[in-house]
file run_10.cif (mmCIF, C-alpha atoms)
data_coords
loop_
_atom_site.label_atom_id
_atom_site.label_comp_id
_atom_site.auth_asym_id
_atom_site.auth_seq_id
_atom_site.Cartn_x
_atom_site.Cartn_y
_atom_site.Cartn_z
CA MET A 109 -68.30 184.35 -92.13
CA ILE A 110 -70.65 183.92 -89.20
CA ILE A 111 -67.94 184.83 -86.69
CA SER A 112 -67.07 187.96 -88.66
CA SER A 113 -70.70 188.98 -88.82
CA CYS A 114 -71.11 188.38 -85.12
CA SER A 115 -68.03 190.44 -84.35
CA PHE A 116 -69.50 193.32 -86.30
CA ILE A 117 -72.87 193.03 -84.56
CA ASN A 118 -71.21 192.78 -81.16
CA TYR A 119 -69.11 195.86 -81.92
CA ALA A 120 -72.20 197.77 -83.00
CA GLY A 121 -74.03 196.63 -79.89
CA ASN A 122 -71.25 197.96 -77.67
CA LYS A 123 -71.58 201.32 -79.39
CA SER A 124 -75.40 201.39 -79.06
CA ASN A 125 -76.20 200.71 -75.43
CA ASN A 126 -79.15 203.11 -75.36
CA VAL A 127 -81.66 202.42 -78.12
CA ASP A 128 -84.55 204.84 -78.52
CA GLY A 129 -87.82 202.92 -78.23
CA LYS A 130 -89.10 204.78 -81.29
CA SER A 131 -86.52 203.00 -83.45
CA TYR A 132 -88.08 199.58 -82.96
CA ASN A 133 -89.93 198.42 -86.04
CA SER A 134 -90.74 194.77 -85.28
CA ARG A 135 -94.26 193.49 -84.77
CA TYR A 136 -93.31 191.70 -81.57
CA ILE A 137 -91.35 192.04 -78.36
CA VAL A 138 -89.00 189.06 -78.07
CA VAL A 139 -88.81 187.64 -74.54
CA ILE A 140 -85.56 185.69 -74.14
CA ASP A 141 -85.58 183.03 -71.45
CA ALA A 142 -82.14 181.74 -70.41
CA GLY A 143 -83.27 178.42 -69.00
CA HIS A 144 -82.53 177.45 -65.38
CA GLY A 145 -80.30 179.60 -63.14
CA GLY A 146 -79.41 179.93 -59.47
CA GLN A 147 -79.77 176.62 -57.62
CA ASP A 148 -81.19 175.05 -60.78
CA ALA A 149 -78.14 174.28 -62.92
CA GLY A 150 -80.02 172.33 -65.57
CA THR A 151 -78.16 169.48 -67.19
CA THR A 152 -74.43 168.89 -66.80
CA GLY A 153 -71.83 168.40 -69.50
CA VAL A 154 -69.42 165.48 -69.71
CA ASP A 155 -66.78 167.73 -68.12
CA GLY A 156 -69.05 169.13 -65.40
CA ALA A 157 -70.07 172.28 -67.27
CA LYS A 158 -73.45 173.69 -66.23
CA GLU A 159 -76.28 174.24 -68.68
CA LYS A 160 -77.46 177.40 -66.93
CA ASP A 161 -74.17 179.18 -67.72
CA ILE A 162 -74.21 178.32 -71.42
CA ASN A 163 -77.88 179.29 -71.69
CA LEU A 164 -77.16 182.71 -70.21
CA CYS A 165 -74.21 183.41 -72.51
CA ILE A 166 -76.21 182.61 -75.64
CA ALA A 167 -79.26 184.52 -74.37
CA LYS A 168 -77.23 187.66 -73.64
CA ALA A 169 -75.58 187.55 -77.06
CA LEU A 170 -78.99 187.11 -78.69
CA PHE A 171 -80.29 190.10 -76.72
CA ASP A 172 -77.45 192.29 -78.02
CA TYR A 173 -77.88 191.19 -81.63
CA LEU A 174 -81.65 191.71 -81.64
CA ASN A 175 -81.24 195.19 -80.19
CA VAL A 176 -78.81 196.15 -82.93
CA CYS A 177 -81.33 194.86 -85.49
CA GLY A 178 -84.03 197.14 -84.07
CA ILE A 179 -86.08 194.36 -82.48
CA LYS A 180 -87.30 195.11 -79.00
CA CYS A 181 -86.42 192.33 -76.57
CA ILE A 182 -86.36 191.49 -72.88
CA LEU A 183 -84.13 189.09 -70.93
CA LEU A 184 -85.96 187.07 -68.28
CA ARG A 185 -82.69 186.82 -66.37
CA ASN A 186 -79.33 188.50 -66.98
CA ASP A 187 -77.37 186.83 -64.19
CA ASP A 188 -77.16 183.55 -62.28
CA SER A 189 -80.56 183.80 -60.62
CA GLU A 190 -84.01 182.24 -60.58
CA PHE A 191 -87.32 183.94 -61.23
CA TYR A 192 -89.09 183.78 -57.87
CA LYS A 193 -89.84 185.76 -54.71
CA THR A 194 -88.41 185.04 -51.28
CA GLY A 195 -90.64 182.65 -49.37
CA GLU A 196 -92.25 181.06 -52.40
CA LYS A 197 -91.70 177.45 -53.40
CA ARG A 198 -88.57 177.66 -55.48
CA ILE A 199 -89.13 175.40 -58.53
CA ARG A 200 -92.88 175.93 -58.85
CA SER A 201 -92.56 179.68 -58.46
CA ASP A 202 -89.75 179.99 -61.00
CA LEU A 203 -91.73 178.23 -63.74
CA TYR A 204 -95.00 179.97 -62.95
CA ASN A 205 -93.41 183.41 -62.71
CA ARG A 206 -91.63 183.04 -66.02
CA LEU A 207 -94.84 181.95 -67.69
CA ASP A 208 -96.91 184.73 -66.11
CA PHE A 209 -94.37 187.31 -67.22
CA VAL A 210 -94.29 186.07 -70.82
CA ASN A 211 -98.08 185.96 -71.08
CA SER A 212 -98.33 189.47 -69.61
CA ILE A 213 -96.31 191.11 -72.41
CA GLU A 214 -98.52 192.28 -75.25
CA ASN A 215 -97.41 191.19 -78.74
CA SER A 216 -94.59 189.05 -77.40
CA VAL A 217 -92.86 185.91 -78.59
CA LEU A 218 -90.89 183.58 -76.32
CA ILE A 219 -87.45 182.24 -77.18
CA SER A 220 -86.32 179.85 -74.45
CA ILE A 221 -82.65 178.85 -74.59
CA HIS A 222 -81.68 175.37 -73.35
CA GLN A 223 -79.19 172.55 -73.90
CA ASN A 224 -79.86 168.88 -74.45
CA HIS A 225 -78.57 165.67 -72.86
CA PHE A 226 -78.97 162.02 -73.84
CA GLU A 227 -77.57 158.67 -72.74
CA ASN A 228 -76.27 158.02 -76.26
CA GLU A 229 -73.21 160.29 -76.38
CA SER A 230 -73.14 160.30 -80.19
CA GLU A 231 -76.34 162.39 -80.40
CA TRP A 232 -75.71 165.99 -81.42
CA GLY A 233 -77.30 169.02 -83.07
CA THR A 234 -79.80 171.76 -82.42
CA GLN A 235 -83.46 170.81 -82.07
CA ILE A 236 -86.44 173.07 -81.44
CA TRP A 237 -89.69 172.43 -79.60
CA TYR A 238 -92.64 174.68 -80.34
CA SER A 239 -95.91 175.47 -78.60
CA SER A 240 -99.16 174.10 -80.00
CA ASN A 241 -101.14 177.08 -78.68
CA ASN A 242 -100.27 179.49 -81.48
CA PRO A 243 -99.79 178.61 -85.18
CA GLU A 244 -96.93 181.09 -85.47
CA SER A 245 -94.85 179.01 -83.05
CA LYS A 246 -94.13 176.37 -85.68
CA GLU A 247 -93.33 179.02 -88.30
CA LEU A 248 -90.86 180.61 -85.90
CA ALA A 249 -89.27 177.25 -85.02
CA ASP A 250 -88.87 176.33 -88.70
CA SER A 251 -87.25 179.67 -89.49
CA VAL A 252 -84.74 179.36 -86.66
CA ILE A 253 -83.74 175.75 -87.40
CA SER A 254 -83.31 176.59 -91.09
CA SER A 255 -80.94 179.39 -90.14
CA VAL A 256 -78.95 177.09 -87.85
CA LYS A 257 -78.67 174.38 -90.50
CA ASP A 258 -77.82 176.78 -93.30
CA ASN A 259 -75.16 178.69 -91.39
CA LEU A 260 -73.78 176.53 -88.61
CA GLN A 261 -74.83 172.85 -88.77
CA PRO A 262 -75.22 171.78 -92.42
CA ASP A 263 -75.21 168.08 -91.44
CA ASN A 264 -77.93 168.44 -88.81
CA LYS A 265 -80.89 166.21 -89.77
CA ARG A 266 -83.03 166.84 -86.71
CA GLU A 267 -86.66 167.90 -87.08
CA ASN A 268 -88.58 170.30 -84.87
CA LYS A 269 -91.23 168.85 -82.56
CA GLN A 270 -94.47 170.11 -81.07
CA SER A 271 -94.27 170.27 -77.30
CA ASP A 272 -96.44 168.33 -74.89
CA ASN A 273 -97.19 168.99 -71.22
CA SER A 274 -93.68 167.96 -70.18
CA TYR A 275 -92.50 171.37 -71.46
CA TYR A 276 -94.63 173.43 -69.10
CA ILE A 277 -93.79 176.92 -70.30
CA LEU A 278 -94.49 176.00 -73.94
CA TYR A 279 -97.58 174.00 -73.07
CA LYS A 280 -99.14 176.93 -71.20
CA ALA A 281 -97.82 179.91 -73.14
CA SER A 282 -100.46 181.94 -74.96
CA VAL A 283 -97.96 183.68 -77.26
CA PRO A 284 -95.80 182.24 -80.08
CA SER A 285 -93.19 180.22 -78.20
CA ILE A 286 -90.20 178.01 -78.96
CA MET A 287 -87.53 176.24 -76.94
CA VAL A 288 -84.15 176.07 -78.68
CA GLU A 289 -82.15 173.05 -77.51
CA CYS A 290 -78.88 174.39 -78.90
CA GLY A 291 -76.87 171.19 -78.54
CA PHE A 292 -76.08 168.06 -76.55
CA MET A 293 -73.87 168.50 -73.50
CA SER A 294 -73.60 164.70 -73.39
CA ASN A 295 -71.62 164.81 -76.66
CA LYS A 296 -67.97 165.56 -75.91
CA ARG A 297 -67.30 167.59 -79.05
CA GLU A 298 -70.53 169.57 -78.96
CA ASN A 299 -70.20 170.18 -75.22
CA SER A 300 -66.82 171.75 -75.88
CA LEU A 301 -68.18 173.89 -78.70
CA LEU A 302 -71.08 175.11 -76.57
CA GLN A 303 -68.60 176.50 -74.04
CA SER A 304 -66.74 178.47 -76.73
CA GLU A 305 -67.61 182.16 -76.89
CA ASP A 306 -67.25 182.15 -80.68
CA TYR A 307 -69.67 179.23 -81.02
CA GLN A 308 -72.11 180.80 -78.55
CA ASN A 309 -72.05 183.97 -80.66
CA ASP A 310 -72.55 181.94 -83.85
CA MET A 311 -75.55 180.18 -82.31
CA ALA A 312 -77.05 183.45 -81.12
CA TYR A 313 -76.52 184.96 -84.57
CA CYS A 314 -78.33 182.04 -86.23
CA ILE A 315 -81.25 182.31 -83.81
CA MET A 316 -81.42 186.06 -84.39
CA ASN A 317 -81.43 185.56 -88.15
CA GLY A 318 -84.32 183.10 -87.89
CA ILE A 319 -86.28 185.46 -85.67
CA CYS A 320 -85.75 188.40 -88.04
CA ASN A 321 -87.38 186.42 -90.87
CA ILE A 322 -90.60 186.20 -88.83
CA VAL A 323 -91.01 189.19 -86.53
#
call {"tool": "encode", "arguments": {"input": "run_10.cif", "output": "structure tokens"}}
result
Amino acid sequence: MIISSCSFINYAGNKSNNVDGKSYNSRYIVVIDAGHGGQDAGTTGVDGAKEKDINLCIAKALFDYLNVCGIKCILLRNDDSEFYKTGEKRIRSDLYNRLDFVNSIENSVLISIHQNHFENESEWGTQIWYSSNNPESKELADSVISSVKDNLQPDNKRENKQSDNSYYILYKASVPSIMVECGFMSNKRENSLLQSEDYQNDMAYCIMNGICNIV
């Protein structure tokens, strides 16, 4: 059912490349952050797959789906690149520039797409971290994880967690912000699923559905 719905949304998105700004009816602008990129590959799957590539695929699908739903959104990156200027310190600049951009958008919410990794290869399932700086962050995180569990991962028992200073962009964001750890690339089965276009679309659909319940 999810795949069929995603196919329809993707088809509609391909037919609606230019959306009139006046058609947007959401309260917020959704800023989609595809984590890592460029020299920063993120974590690595058991088969050598790179987190940055999976993040981007899910982020781009989410962007298309939100547009079709009439929710204004922005991609922080739409290719294999980092978010920094030539001559600046690479890692520090990328994080700071992403944060500055998110905080500069009026009435925005941040959805940061990432993948997980753990030494215990049996660990699996989506988990969401949320910012403590805005009470709507937890509400958004709860809505998204409920959508994922209801539609894609009915056996997922993971609970959302409030971020600490180890998640810099969430710790410093002034707007409602969540980081969606879509799955564990250290788990052989889930790592394979995360590289599937159908599963990436399903995940993006679930995240979109959770966002729509809030924004």
call {"tool": "resolve_selection", "arguments": {"input": "run_10.cif", "expression": "the PyMOL selection byres ((chain A and resi 240) around 8)", "output": "PDB file with C-alpha atoms, keeping the file's coordinate frame"}}
result
ATOM      1  CA  TYR A 238     -92.640 174.680 -80.340  1.00  0.00           C
ATOM      2  CA  SER A 239     -95.910 175.470 -78.600  1.00  0.00           C
ATOM      3  CA  ASN A 241    -101.140 177.080 -78.680  1.00  0.00           C
ATOM      4  CA  ASN A 242    -100.270 179.490 -81.480  1.00  0.00           C
ATOM      5  CA  PRO A 243     -99.790 178.610 -85.180  1.00  0.00           C
ATOM      6  CA  SER A 245     -94.850 179.010 -83.050  1.00  0.00           C
ATOM      7  CA  LYS A 246     -94.130 176.370 -85.680  1.00  0.00           C
ATOM      8  CA  GLN A 270     -94.470 170.110 -81.070  1.00  0.00           C
ATOM      9  CA  SER A 271     -94.270 170.270 -77.300  1.00  0.00           C
ATOM     10  CA  LEU A 278     -94.490 176.000 -73.940  1.00  0.00           C
ATOM     11  CA  TYR A 279     -97.580 174.000 -73.070  1.00  0.00           C
TER      12      TYR A 279
END
call {"tool": "closest_residue", "arguments": {"input": "run_10.cif", "among": "A:Ile213, A:Ile140, A:Val256, A:Leu184", "to": "Met287 (chain A)", "atoms": "only C-alpha atoms"}}
result
A:Ile140
call {"tool": "resolve_selection", "arguments": {"input": "run_10.cif", "expression": "the PyMOL selection byres ((chain A and resi 264) around 10)", "output": "PyMOL selection string"}}
result
chain A and resi 232-235+253+256-258+260-263+265-267
call {"tool": "residues_around", "arguments": {"input": "run_10.cif", "residues": "Phe209 (chain A)", "least_positions_apart": "4", "cutoff": "12 Å", "atoms": "only C-alpha atoms", "output": "ChimeraX atom specification"}}
result
/A:139-141,182-185,191-192,201-205,213-214,216-218,277,281-283
call {"tool": "closest_residue", "arguments": {"input": "run_10.cif", "among": "A:Ser300, A:Ser220, A:Ser255, A:Ser189", "to": "Ile319 (chain A)", "atoms": "all atoms listed in the file"}}
result
A:Ser255
call {"tool": "closest_residue", "arguments": {"input": "run_10.cif", "among": "A:Asn186, A:Ser274, A:Ser230, A:Ser285", "to": "Val210 (chain A)", "atoms": "all atoms listed in the file"}}
result
A:Ser285
call {"tool": "atom_distance", "arguments": {"input": "run_10.cif", "atom1": "CA of Cys177 (chain A)", "atom2": "CA of Cys320 (chain A)"}}
result
8.2 Å
call {"tool": "atom_distance", "arguments": {"input": "run_10.cif", "atom1": "CA of Ile236 (chain A)", "atom2": "CA of Met293 (chain A)"}}
result
15.6 Å
call {"tool": "residues_around", "arguments": {"input": "run_10.cif", "residues": "Tyr313 (chain A)", "least_positions_apart": "2", "cutoff": "10 Å", "atoms": "all atoms listed in the file", "output": "PDB file with C-alpha atoms, in the frame of the given file"}}
result
ATOM      1  CA  ILE A 110     -70.650 183.920 -89.200  1.00  0.00           C
ATOM      2  CA  ILE A 111     -67.940 184.830 -86.690  1.00  0.00           C
ATOM      3  CA  SER A 113     -70.700 188.980 -88.820  1.00  0.00           C
ATOM      4  CA  CYS A 114     -71.110 188.380 -85.120  1.00  0.00           C
ATOM      5  CA  ILE A 117     -72.870 193.030 -84.560  1.00  0.00           C
ATOM      6  CA  ILE A 166     -76.210 182.610 -75.640  1.00  0.00           C
ATOM      7  CA  ALA A 169     -75.580 187.550 -77.060  1.00  0.00           C
ATOM      8  CA  LEU A 170     -78.990 187.110 -78.690  1.00  0.00           C
ATOM      9  CA  ASP A 172     -77.450 192.290 -78.020  1.00  0.00           C
ATOM     10  CA  TYR A 173     -77.880 191.190 -81.630  1.00  0.00           C
ATOM     11  CA  LEU A 174     -81.650 191.710 -81.640  1.00  0.00           C
ATOM     12  CA  SER A 255     -80.940 179.390 -90.140  1.00  0.00           C
ATOM     13  CA  VAL A 256     -78.950 177.090 -87.850  1.00  0.00           C
ATOM     14  CA  ASN A 259     -75.160 178.690 -91.390  1.00  0.00           C
ATOM     15  CA  LEU A 260     -73.780 176.530 -88.610  1.00  0.00           C
ATOM     16  CA  TYR A 307     -69.670 179.230 -81.020  1.00  0.00           C
ATOM     17  CA  GLN A 308     -72.110 180.800 -78.550  1.00  0.00           C
ATOM     18  CA  ASN A 309     -72.050 183.970 -80.660  1.00  0.00           C
ATOM     19  CA  ASP A 310     -72.550 181.940 -83.850  1.00  0.00           C
ATOM     20  CA  MET A 311     -75.550 180.180 -82.310  1.00  0.00           C
ATOM     21  CA  ILE A 315     -81.250 182.310 -83.810  1.00  0.00           C
ATOM     22  CA  MET A 316     -81.420 186.060 -84.390  1.00  0.00           C
ATOM     23  CA  ASN A 317     -81.430 185.560 -88.150  1.00  0.00           C
ATOM     24  CA  GLY A 318     -84.320 183.100 -87.890  1.00  0.00           C
ATOM     25  CA  ILE A 319     -86.280 185.460 -85.670  1.00  0.00           C
TER      26      ILE A 319
END
